[in-house]
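Enquirer: The structure under discussion is supplied below as C-alpha cells; questions concerning it will follow.
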Amino acid sequence: MLDIPLWKRILIWGVVLVALALAVPNLAYDRVERHNDALAALEGGAPSTPELEADLALWPSVLPSSLVNLGLDLRGGAHLLAEVRVEDVYSARMDALWPELRDALRDARDEVGPIRRTDAPAGELRVQLGEASGMARAVELARGLGGPVVSLTGVGSASLEARGEGDVLIVSLSEAEKIATDDRTMQQSVEIVRRRVDEAGTREPTIQRQGENRILIQVPGVGSAQELKDLIGTTARLTFHPVISRTSDPEARVDARQLLLPSMDEEGAYYILEETPVVTGDDLVDSQPGFDAQNGQPNVSFRFNPHGARLFGEYTSANVGAPFAIVLDNEVISAPTIRQAITGGSGQITGSFTVESSTQLAVLLRAGALPAEMTFLEERTIGPELGADSIAAGRIAAIVAFLAVLVFMQASYGLFGLFANIALMMNVAMIFGILSLVGATLTLPGIAGIVLTIGMAVDANVLVFERIREELKTARGPARAIELGYDRAMSAIVDANITTFLIAVILFTLGSGPVKGFAVTLAIGIITSVFTALYVTRVMVVTWFERARPKKIEV
Amino acid sequence: MKRLRLVPEVTNIDFFRHARITFGASVVAVFLSIGVWFALGLNFGIDFLGGTTIRAESSTPVDVGAYREALSPLGLGDIAISEVFDPSFGENRHVAMIRIQAQAGEESVTPEMIAAVEAALQAIAADMTFPSVESVGPKVSGELITTALIAVGASFAAILIYIWLRFEWQFSVGAIAALVHDVLLTIGLFSLLQIRFDLATIAAILTIIGYSINDTVVIFDRLRENLIKYKKRDLQDVMNLSANETLSRTLMTSGTTLLALLALLVLGGDVIRSFVFAIFWGVIVGTYSSIYVAKNVVLMIGVKRDWSKPDQKAGTTFAEKT
C-alpha cells in the first residue's frame, strides 16, 4: 500500500543530494570566491603567480563552485538606472546626411537653384531651395539617399521621409527607421557601458537593457554611484571637425552651426569649429597607444573603416595646409595641421600625452563612443559595512527562526516532527543549492524570504500530519491512515501553493533588485517545500514504517 | 509522549456565534483604515515620491534639530529626518535617515548636492559616515506607483480567476473580500503609525496576499470536501465543521510563520524592519480573515450545494494525480 518503487526513492534522494552538494560552496563563501576569481584570472590569460596559485588551491576544483550572488544591498556597491536619449541620434544622422544631400542638390542646381541649410527642430534637416518649382525633384533626390529599413518589423519601408513646404525641403527619418535606430542605439549603448565597466575590472556587474530606452547598471564594490558615472562617462563622443579659427575668448561669438570648444590641455585656448563633423568615432575600427617615431612622445594611432577612410581621405586631400580638430567629449584634444592627404584611413593623434593617458584614450576610442547622452533616473549607493551588518543580522535571525521552528515542530509532532525537521533542513540547503545553480542574486528581502519560507515550509507537512491524525480516527490501521493522509492533503497543498506561487511570479515582474530577489527566494522556497513535504518526508515516513512495522502510530 | 497542542484534539467552536461582533469588527476596522488613510495619508518613501535618502551614522548622538539646522541653509525644500534604533547598535552608534524631496528640474540628485549635504552634516559630527545614499527621479517614482498598483491588481485578478476555476465564483468573492480586508488593514496601520511606505511595503502586501490566500484555500478545500460528504447539512454547520477540522493546522502554520518572523523582526536589523513588520501584521490579520471574513462572505451569497454533477471533476483534477 505504502510502496514507493526503488527507482523513485533513488531519484528523490538523488535530487536532494545534488541540491545539497550545490549548496556546500556557500558554507565557505570567501574561500570559494577567491578560488573562482583566481580561476577566472588564469583562464583569462593572466600569468600564474604564487598568490593566484594559493587562491586556486583554497577550494578543490572537482567540487561544485557556484555561489549565490550577493545583491548590492548585501555586498555594497552602486546602482544606476540610465535613460538613453535615443533622439540624439536622429540629429546626428541628419548632420551626417547633410553633405551627401548638399552634393546631390548641387548636382541638380539647374532645377532647384541655390540651396541653403536653415535651422530646423531636432531630428529634421531643412534646406531652402532657390527655385520652389524644383521641389518635386529635390524630394525625389532626398528620398533616393535613404535605403530600405534594416530591421525585422520595418522591412519594405524607406528609411528617409522627405516633403516640401513652400520652398523648404524637410527631411527626417521615417518612423520605422526611428524604431530600428533606437534599437541599434540601445544595443550599442549597453555594449559600450559593459565594455567600460569591464575595463575597470569590477566583479560581476549587471548591465541590462530595461524597457524601451533604459539601462540598469549595478556594480558591486564600487564606492559610489558618482564613481560609476565617471567610469561610464556620459557622452564620450570622438569627432573630427574642420577648424575655422582659434581664440582665447571664451565668450567669442560663433555663427549658426559652428561650435566654440575649449582645448583639453592648453589653458585658455578655444577653437571655433564647424559643427558638422567630417568623420566620427563610429567609423573607427581600431586604436592603439604608441610612441612617435621622431620624438618618442606617447601618441595614439587609429584606423578608420572604409567609409571613414574615404571621407577622411577626401577631406584631407582638399584641405592640405588647413588645421582640423580632434574632439573628445566636447574638448579639443589636438588640432594638427594637415600636412598631406591621408588616404590610407589611419593616422595618429599627438598631443601632450603621458603613457597612461595615451593608453586610456586608446581604450576609450576602442570601446567606442556612446551614441547618445544618458540621463540618470535612479542612483543608489550602499556601503559595504551596511551590507555586512545586514548579512550578520539576517544570519542570526535565520538561525534563531530555524531553531524555534525545529523545537516547535518536534514538540508538536514527535517522531513525525523529526522527519519534518530533517526535511526542513534539507529544504533550506536546497534553496541555497538552487540559488547557486541558477546564479540568482540573494538580497536582504531575499533573506527575509528564506526566513518566511522556514516558517511556511512546514505548512505542507502540517497539512499532511493533521490529515493523518484525522484519518487515524477512522481508517483501518496506520498504513492506510498514512496513505490517505498524503492523498487527501494533496489538493489543499497544491491549491494553496499554486496561489502563493502566482503571487511570487507577479512580484518578480514588479520588482527591481531587492524585491526581485525576494520573489526568487519565495518561489524557489515554495517549490522546494512542496517537494520535500510530498516526496522527501514521505520517503522517510514510509522507510521508517517498513522497518518498524508499528501496530499503532501517534502523530 | 506528551505533545504540544495549540488546540484540543476535537474542537467544536461555533465561528458564527458572534458573527455580528467578529465580522462587524472587521467591517469597522476596514472603514477605520480607509478613514485613517485619507486623514493622515501615507508616509511615502522616495520610491514613490522621488527624492533622496541618506543614511547618516555617527558615534556621538545628534539631535534631529541639529540635522535640520545644518541642512536648512542649503535650501533643499522639504526634509524629513528620522532616528533609527536597533538593539544591535552599540552605545556609540547613532543612525538617522534623512529624506530630501526631489529637486525641481532634476531627474536625479546632483553630486554637488550630495557633497554639500555631506559636508554640512560632517560639520556637526566630524566622524559622520554615509553608508547609503539613494536617489530616485520623479519620472521613475511615478512609474513605480503605476507598477505597484498593477501588481496588486494583477494579484487580485489571478487569485479571483484561479479560485473561480478550482472552486466556485462564490469562493472567489469570499477570498477576495478577505484579501481586501488584509490589504486595507495593513495600509491603515502603516498610515496610523506613519511607517515609511515604499516598494518593499508593496512586496510585503503581495506576500500577505499570498499567505492569506494560502490559509483561506486550505479551509475552502476542506469545505468543498465536506459539502460533497454532507449534502443535506446546513451550510453554516458544514462551514463550522470545516473550520474546526482545519483549525489545528491553521494555528500551527501561523504559529511557525510568526515565530520565524518574530526572530527576523527582533534580530534582522533595522533596514528591513518595516518590511518584516508589514508581513508579521499581515499574517495575523490574514489568519483572522480566513476564519472570520472569507467564510462569512461565502455564507452571505450562498453556494452550490449539489457537487455530484459531472463538473465536480474540475475541482479535483490535481488531487487525483498522485
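Just remember, in the C-alpha cells the first chain shown is A, the second B, etc., residues are 1-based per chain, and ligands are 1-based in the order shown.
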Which residues are near Ser65 of chain A? Cut-off 8 Å, only C-alpha atoms, ignore same chain within fewer than 6 positions. Put them as a PyMOL selection string.
Expert: chain A and resi 22+25+32+36
Enquirer: How about saving the chosen residues, C-alpha atoms kept, as a short mmCIF file (atom, residue, chain, number, x, y, z; two decimals), in the first residue's frame?
Expert:
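Final file, out38.cif:
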data_model
loop_
_atom_site.label_atom_id
_atom_site.label_comp_id
_atom_site.auth_asym_id
_atom_site.auth_seq_id
_atom_site.Cartn_x
_atom_site.Cartn_y
_atom_site.Cartn_z
CA LEU A 22 25.40 22.60 -4.87
CA PRO A 25 30.32 26.00 -1.55
CA VAL A 32 35.34 29.66 -2.94
CA ASN A 36 36.76 31.33 -8.56
#
Enquirer: Pick out the chain A residues within 6 Å of chain B. Count only C-alpha atoms. Give them as a list of chain:residue names.
Expert: A:Leu377, A:Glu378, A:Glu379, A:Arg380, A:Thr381, A:Ile382, A:Gly383, A:Ala393, A:Gly394, A:Ala397, A:Ala401, A:Val405, A:Ala411, A:Ser412, A:Gly455, A:Met456, A:Asp459, A:Met490, A:Ser491, A:Ala492, A:Ala496, A:Thr500, A:Ile503
Enquirer: Determine the nearest neighbour of Asn319 of chain A from the options A:Pro514, A:Gly439, A:Pro250, A:Pro242, counting only C-alpha atoms.
Expert: A:Pro242
Enquirer: Taking 6 positions as the minimum chain separation for residues in the same chain, which residues sit within 8 Å of segment 423-425 of chain A when counting only C-alpha atoms? Answer as an MDAnalysis selection string.
Expert: chainID A and resid 454 457:458 529 532:533 536:537
